[in-house]
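Asker: Contents of run29.cif (mmCIF, C-alpha atoms) are given next:
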```
data_entry
loop_
_atom_site.label_atom_id
_atom_site.label_comp_id
_atom_site.auth_asym_id
_atom_site.auth_seq_id
_atom_site.Cartn_x
_atom_site.Cartn_y
_atom_site.Cartn_z
CA MET A 1 4.95 -31.12 54.03
CA ALA A 2 6.54 -27.77 54.74
CA LYS A 3 9.58 -28.63 52.63
CA TYR A 4 7.39 -29.48 49.59
CA CYS A 5 5.36 -26.27 49.71
CA PRO A 6 8.11 -23.93 48.38
CA ALA A 7 8.99 -26.41 45.61
CA PHE A 8 5.30 -26.69 44.71
CA LEU A 9 4.92 -22.89 44.61
CA VAL A 10 8.00 -22.54 42.37
CA THR A 11 6.65 -25.25 40.06
CA VAL A 12 3.28 -23.52 39.83
CA ALA A 13 4.95 -20.15 39.13
CA VAL A 14 7.12 -21.66 36.37
CA ALA A 15 4.10 -23.38 34.85
CA ILE A 16 2.12 -20.13 34.83
CA VAL A 17 4.98 -18.22 33.19
CA ALA A 18 5.52 -20.98 30.63
CA ALA A 19 1.81 -21.22 29.81
CA THR A 20 1.57 -17.45 29.41
CA ALA A 21 4.66 -17.30 27.21
CA CYS A 22 3.59 -20.24 25.06
CA GLY A 23 0.12 -18.76 24.63
CA LYS A 24 1.52 -15.70 22.89
CA GLU A 25 1.86 -16.77 19.29
CA GLU A 26 3.30 -14.15 17.05
CA THR A 27 1.41 -13.71 13.81
CA CYS A 28 3.12 -13.13 10.53
CA SER A 29 2.54 -9.94 8.60
CA VAL A 30 2.66 -9.57 4.83
CA HIS A 31 3.45 -6.05 3.62
CA PRO A 32 1.05 -4.54 1.08
CA ASP A 33 1.99 -4.69 -2.58
CA ALA A 34 3.53 -1.50 -3.90
CA PHE A 35 1.16 0.81 -5.77
CA ARG A 36 1.89 0.05 -9.43
CA PHE A 37 0.13 1.86 -12.24
CA SER A 38 0.11 2.52 -15.97
CA ILE A 39 -1.51 5.43 -17.79
CA VAL A 40 -3.44 4.73 -20.97
CA GLU A 41 -5.76 6.58 -23.34
CA ALA A 42 -9.36 5.79 -22.40
CA GLY A 43 -10.66 4.84 -25.83
CA THR A 44 -7.72 3.06 -27.38
CA GLY A 45 -5.63 1.70 -24.48
CA THR A 46 -2.55 3.42 -25.94
CA ASP A 47 0.28 3.70 -23.41
CA LEU A 48 0.51 7.45 -22.74
CA LEU A 49 3.92 7.06 -21.11
CA ARG A 50 5.47 5.15 -24.00
CA SER A 51 3.94 7.50 -26.59
CA GLY A 52 5.42 10.55 -24.84
CA VAL A 53 2.15 12.24 -23.87
CA TYR A 54 3.39 12.07 -20.28
CA ASP A 55 7.03 11.90 -19.21
CA PRO A 56 7.50 9.01 -16.73
CA GLY A 57 10.29 10.96 -14.99
CA SER A 58 7.96 13.89 -14.31
CA ILE A 59 5.10 11.92 -12.75
CA GLY A 60 4.68 12.65 -9.06
CA ILE A 61 2.40 11.65 -6.19
CA TRP A 62 1.84 13.57 -2.97
CA TYR A 63 -0.58 13.81 -0.06
CA PHE A 64 -1.31 16.25 2.74
CA TYR A 65 -0.78 15.40 6.40
CA ASN A 66 -1.26 18.05 9.11
CA ASP A 67 -1.52 20.64 6.32
CA ASP A 68 1.98 19.73 5.05
CA ARG A 69 2.56 18.43 1.55
CA ASN A 70 4.45 15.13 1.48
CA ASP A 71 5.89 13.92 -1.82
CA LEU A 72 6.23 10.21 -2.47
CA ILE A 73 8.94 8.49 -4.48
CA VAL A 74 7.69 7.27 -7.86
CA ASN A 75 9.95 5.01 -9.90
CA ARG A 76 9.68 3.21 -13.19
CA GLU A 77 9.03 -0.50 -12.67
CA ALA A 78 12.05 -2.46 -13.90
CA ASN A 79 10.01 -5.61 -14.62
CA PRO A 80 6.55 -4.56 -15.83
CA ASP A 81 3.77 -7.12 -15.82
CA GLY A 82 2.90 -6.59 -19.50
CA ASP A 83 3.67 -4.33 -22.43
CA LEU A 84 2.72 -1.10 -20.68
CA ILE A 85 5.21 1.11 -18.86
CA GLU A 86 4.52 0.81 -15.14
CA LEU A 87 5.32 3.32 -12.42
CA VAL A 88 5.53 2.30 -8.78
CA SER A 89 5.30 3.87 -5.33
CA VAL A 90 6.24 1.63 -2.42
CA GLN A 91 5.32 4.30 0.13
CA LEU A 92 1.72 4.94 -0.95
CA PRO A 93 0.06 1.80 0.49
CA MET A 94 1.87 2.27 3.81
CA ILE A 95 0.57 5.86 4.08
CA SER A 96 -2.98 4.56 3.66
CA LEU A 97 -2.45 1.59 5.99
CA THR A 98 -1.13 3.81 8.80
CA GLY A 99 -4.08 6.19 8.46
CA ARG A 100 -2.05 9.23 7.43
CA SER A 101 -4.14 9.70 4.28
CA ASP A 102 -6.28 7.90 1.72
CA ILE A 103 -6.33 10.89 -0.65
CA PHE A 104 -3.37 11.33 -2.99
CA TYR A 105 -2.61 13.68 -5.86
CA LEU A 106 -1.16 12.36 -9.10
CA ALA A 107 0.76 15.05 -10.99
CA LEU A 108 1.03 14.04 -14.63
CA ASN A 109 2.60 17.32 -15.72
CA GLU A 110 2.50 20.98 -14.66
CA GLU A 111 -1.09 21.46 -15.86
CA ASP A 112 -2.63 18.07 -15.13
CA THR A 113 -3.12 16.77 -11.56
CA ASP A 114 -5.59 14.01 -10.75
CA THR A 115 -6.95 12.65 -7.47
CA LEU A 116 -6.37 9.12 -6.25
CA THR A 117 -8.28 7.57 -3.38
CA VAL A 118 -6.44 4.50 -2.14
CA VAL A 119 -7.54 2.45 0.87
CA VAL A 120 -5.33 -0.34 2.21
CA GLU A 121 -6.57 -2.24 5.24
CA ARG A 122 -5.50 -5.03 7.59
CA GLU A 123 -7.07 -8.45 7.10
CA SER A 124 -6.30 -11.63 9.02
CA ARG A 125 -6.03 -14.86 6.98
CA ASP A 126 -4.86 -18.16 8.43
CA GLY A 127 -3.05 -16.46 11.32
CA CYS A 128 -1.28 -13.93 9.09
CA ASP A 129 -1.96 -10.23 8.68
CA TYR A 130 -2.43 -9.25 5.03
CA HIS A 131 -2.90 -5.71 3.78
CA PRO A 132 -5.04 -5.72 0.64
CA TYR A 133 -6.21 -2.75 -1.38
CA THR A 134 -9.91 -2.45 -0.60
CA MET A 135 -10.67 0.63 -2.69
CA VAL A 136 -8.84 2.50 -5.45
CA LYS A 137 -10.42 5.41 -7.29
CA HIS A 138 -9.04 7.74 -9.96
CA ASN A 139 -10.88 11.08 -10.09
CA GLY A 140 -13.81 9.42 -8.29
CA ASN A 141 -14.03 6.42 -10.63
CA ALA A 142 -13.39 3.00 -9.09
CA LEU A 143 -10.52 1.00 -10.56
CA PRO A 144 -10.61 -2.80 -10.64
CA ILE A 145 -8.46 -4.38 -7.94
CA THR A 146 -6.57 -7.53 -8.89
CA GLU A 147 -4.08 -8.57 -6.23
CA GLY A 148 -0.51 -8.27 -7.49
CA LYS A 149 -1.48 -6.50 -10.72
CA SER A 150 -0.88 -2.94 -11.92
CA PHE A 151 -3.69 -0.38 -11.81
CA ILE A 152 -4.69 1.04 -15.20
CA ILE A 153 -5.38 4.77 -15.12
CA GLU A 154 -7.36 5.96 -18.11
CA LYS A 155 -7.03 9.51 -19.43
#
```
Please go through the file and, once you have read it, give me the structure as structure tokens.
Answerer:
Amino acid sequence: MAKYCPAFLVTVAVAIVAATACGKEETCSVHPDAFRFSIVEAGTGTDLLRSGVYDPGSIGIWYFYNDDRNDLIVNREANPDGDLIELVSVQLPMISLTGRSDIFYLALNEEDTDTLTVVVERESRDGCDYHPYTMVKHNGNALPITEGKSFIIEK
């Protein structure tokens, strides 16, 4: 009996370690969609980037964190979803998701800066972590959220 006791204890220890290790399933995580947007005239839907009212290369987005201004990279979308020019910031949803800020400033030109409120949260679906946009506002007005689609900012 004494010779079986150490073997039994080793077997129990291995079983406990194996059960603990097997019980830790890693979940997948899907990164949030980049913040894509177009700027149109409120009444007509005219693309204000294509018409030259705003220069796509001059559009900027920034936020404040610990009283420091942080500028985000804004690029022109190479493959827009429709006929409108789309701009994109990959960093913006991650800033919201990490809790650094939900308030952003959209500089359209030297005289025209708007406020964006963007909230991206964590949501678990079928064992995966998704990060959907749960609120997007432009100057206090809610924008419709359609997963995978560009936001339309009306001026």
Asker: Here's the selection I'm unsure about, the PyMOL selection byres ((chain A and resi 97) around 8); applied to the file above, which residues does it give, as number ranges by chain?
Answerer: A: 93-96, 98-100, 119-122, 131
Asker: Work out how far CA of Thr27 in chain A is from CA of Val136 in chain A, in Å to one decimal.
Answerer: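 About the pair CA of Val136 in chain A and CA of Thr27 in chain A: they are 27.2 Å apart.
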Asker: Which distance in Å separates CA of Arg50 in chain A and CA of Ser38 in chain A, to one decimal?
Answerer: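 A separation of 10.0 Å between them.
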Asker: Here's the selection I'm unsure about, the PyMOL selection byres ((chain A and resi 76) around 8); applied to the file above, which residues does it give, as a list in words?
Answerer: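 On this input, the PyMOL selection byres ((chain A and resi 76) around 8) captures Pro56, Gly57, Val74, Asn75, Glu77, Ala78, Ile85, Glu86, Leu87 and Val88 of chain A.
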Asker: Using only C-alpha atoms, which of the listed residues (A:Asp114, A:Asp129, A:Glu123, A:Asp33) sits closest to Asn141 in chain A?
Answerer: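 Comparing A:Asp114, A:Asp129, A:Glu123, A:Asp33 against Asn141 in chain A, the winner is A:Asp114.
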Asker: Return the single residue from A:Asn79, A:Ser29, A:Thr113, A:Ser101 that is closest to Gly60 in chain A, with distances computed using only C-alpha atoms.
Answerer: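 That would be A:Thr113, the residue with the smallest distance to Gly60 in chain A.
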Asker: Hey, can you check how far CA of Ile73 in chain A sits from CA of Leu92 in chain A?
Answerer: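 Going from CA of Ile73 in chain A over to CA of Leu92 in chain A, I get 8.8 Å.
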Asker: Any chance you could build range 35-61 of chain A out to N, CA and C atoms and write it as a compact mmCIF listing (two decimals), in the frame of the given file?
Answerer:
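What landed in result_37.txt:
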```
# COMPACT_ATOMS: atom_id res chain seq x y z
N PHE A 35 2.18 0.25 -4.86
CA PHE A 35 1.16 0.81 -5.77
C PHE A 35 1.79 0.93 -7.15
N ARG A 36 1.37 0.05 -8.06
CA ARG A 36 1.89 0.05 -9.43
C ARG A 36 0.78 0.50 -10.37
N PHE A 37 1.15 1.35 -11.33
CA PHE A 37 0.13 1.86 -12.24
C PHE A 37 0.70 2.18 -13.62
N SER A 38 -0.18 2.12 -14.60
CA SER A 38 0.11 2.52 -15.97
C SER A 38 -0.93 3.56 -16.36
N ILE A 39 -0.59 4.39 -17.34
CA ILE A 39 -1.51 5.43 -17.79
C ILE A 39 -1.78 5.21 -19.27
N VAL A 40 -3.06 5.01 -19.59
CA VAL A 40 -3.44 4.73 -20.97
C VAL A 40 -4.54 5.69 -21.44
N GLU A 41 -4.67 5.79 -22.76
CA GLU A 41 -5.76 6.58 -23.34
C GLU A 41 -7.05 5.78 -23.19
N ALA A 42 -8.10 6.46 -22.75
CA ALA A 42 -9.36 5.79 -22.40
C ALA A 42 -9.95 4.98 -23.56
N GLY A 43 -9.99 5.52 -24.73
CA GLY A 43 -10.66 4.84 -25.83
C GLY A 43 -9.84 3.75 -26.49
N THR A 44 -8.55 3.97 -26.58
CA THR A 44 -7.72 3.06 -27.38
C THR A 44 -6.82 2.14 -26.55
N GLY A 45 -6.55 2.49 -25.30
CA GLY A 45 -5.63 1.70 -24.48
C GLY A 45 -4.17 1.99 -24.79
N THR A 46 -3.92 3.05 -25.59
CA THR A 46 -2.55 3.42 -25.94
C THR A 46 -1.79 3.85 -24.69
N ASP A 47 -0.58 3.36 -24.55
CA ASP A 47 0.28 3.70 -23.41
C ASP A 47 0.72 5.16 -23.54
N LEU A 48 0.21 6.01 -22.66
CA LEU A 48 0.51 7.45 -22.74
C LEU A 48 1.89 7.80 -22.20
N LEU A 49 2.54 6.85 -21.54
CA LEU A 49 3.92 7.06 -21.11
C LEU A 49 4.88 6.70 -22.24
N ARG A 50 4.62 5.59 -22.89
CA ARG A 50 5.47 5.15 -24.00
C ARG A 50 5.34 6.10 -25.20
N SER A 51 4.15 6.62 -25.44
CA SER A 51 3.94 7.50 -26.59
C SER A 51 4.47 8.91 -26.36
N GLY A 52 4.85 9.23 -25.12
CA GLY A 52 5.42 10.55 -24.84
C GLY A 52 4.42 11.61 -24.43
N VAL A 53 3.14 11.26 -24.33
CA VAL A 53 2.15 12.24 -23.87
C VAL A 53 2.51 12.70 -22.46
N TYR A 54 2.92 11.75 -21.62
CA TYR A 54 3.39 12.07 -20.28
C TYR A 54 4.80 11.52 -20.12
N ASP A 55 5.65 12.30 -19.46
CA ASP A 55 7.03 11.90 -19.21
C ASP A 55 7.08 11.10 -17.90
N PRO A 56 7.46 9.82 -17.95
CA PRO A 56 7.50 9.01 -16.73
C PRO A 56 8.36 9.63 -15.62
N GLY A 57 9.41 10.34 -15.98
CA GLY A 57 10.29 10.96 -14.99
C GLY A 57 9.69 12.17 -14.32
N SER A 58 8.61 12.71 -14.88
CA SER A 58 7.96 13.89 -14.31
C SER A 58 6.72 13.57 -13.50
N ILE A 59 6.30 12.32 -13.49
CA ILE A 59 5.10 11.92 -12.75
C ILE A 59 5.40 11.97 -11.26
N GLY A 60 4.50 12.56 -10.51
CA GLY A 60 4.68 12.65 -9.06
C GLY A 60 3.40 12.33 -8.32
N ILE A 61 3.55 11.90 -7.06
CA ILE A 61 2.40 11.65 -6.19
C ILE A 61 2.69 12.30 -4.86
```
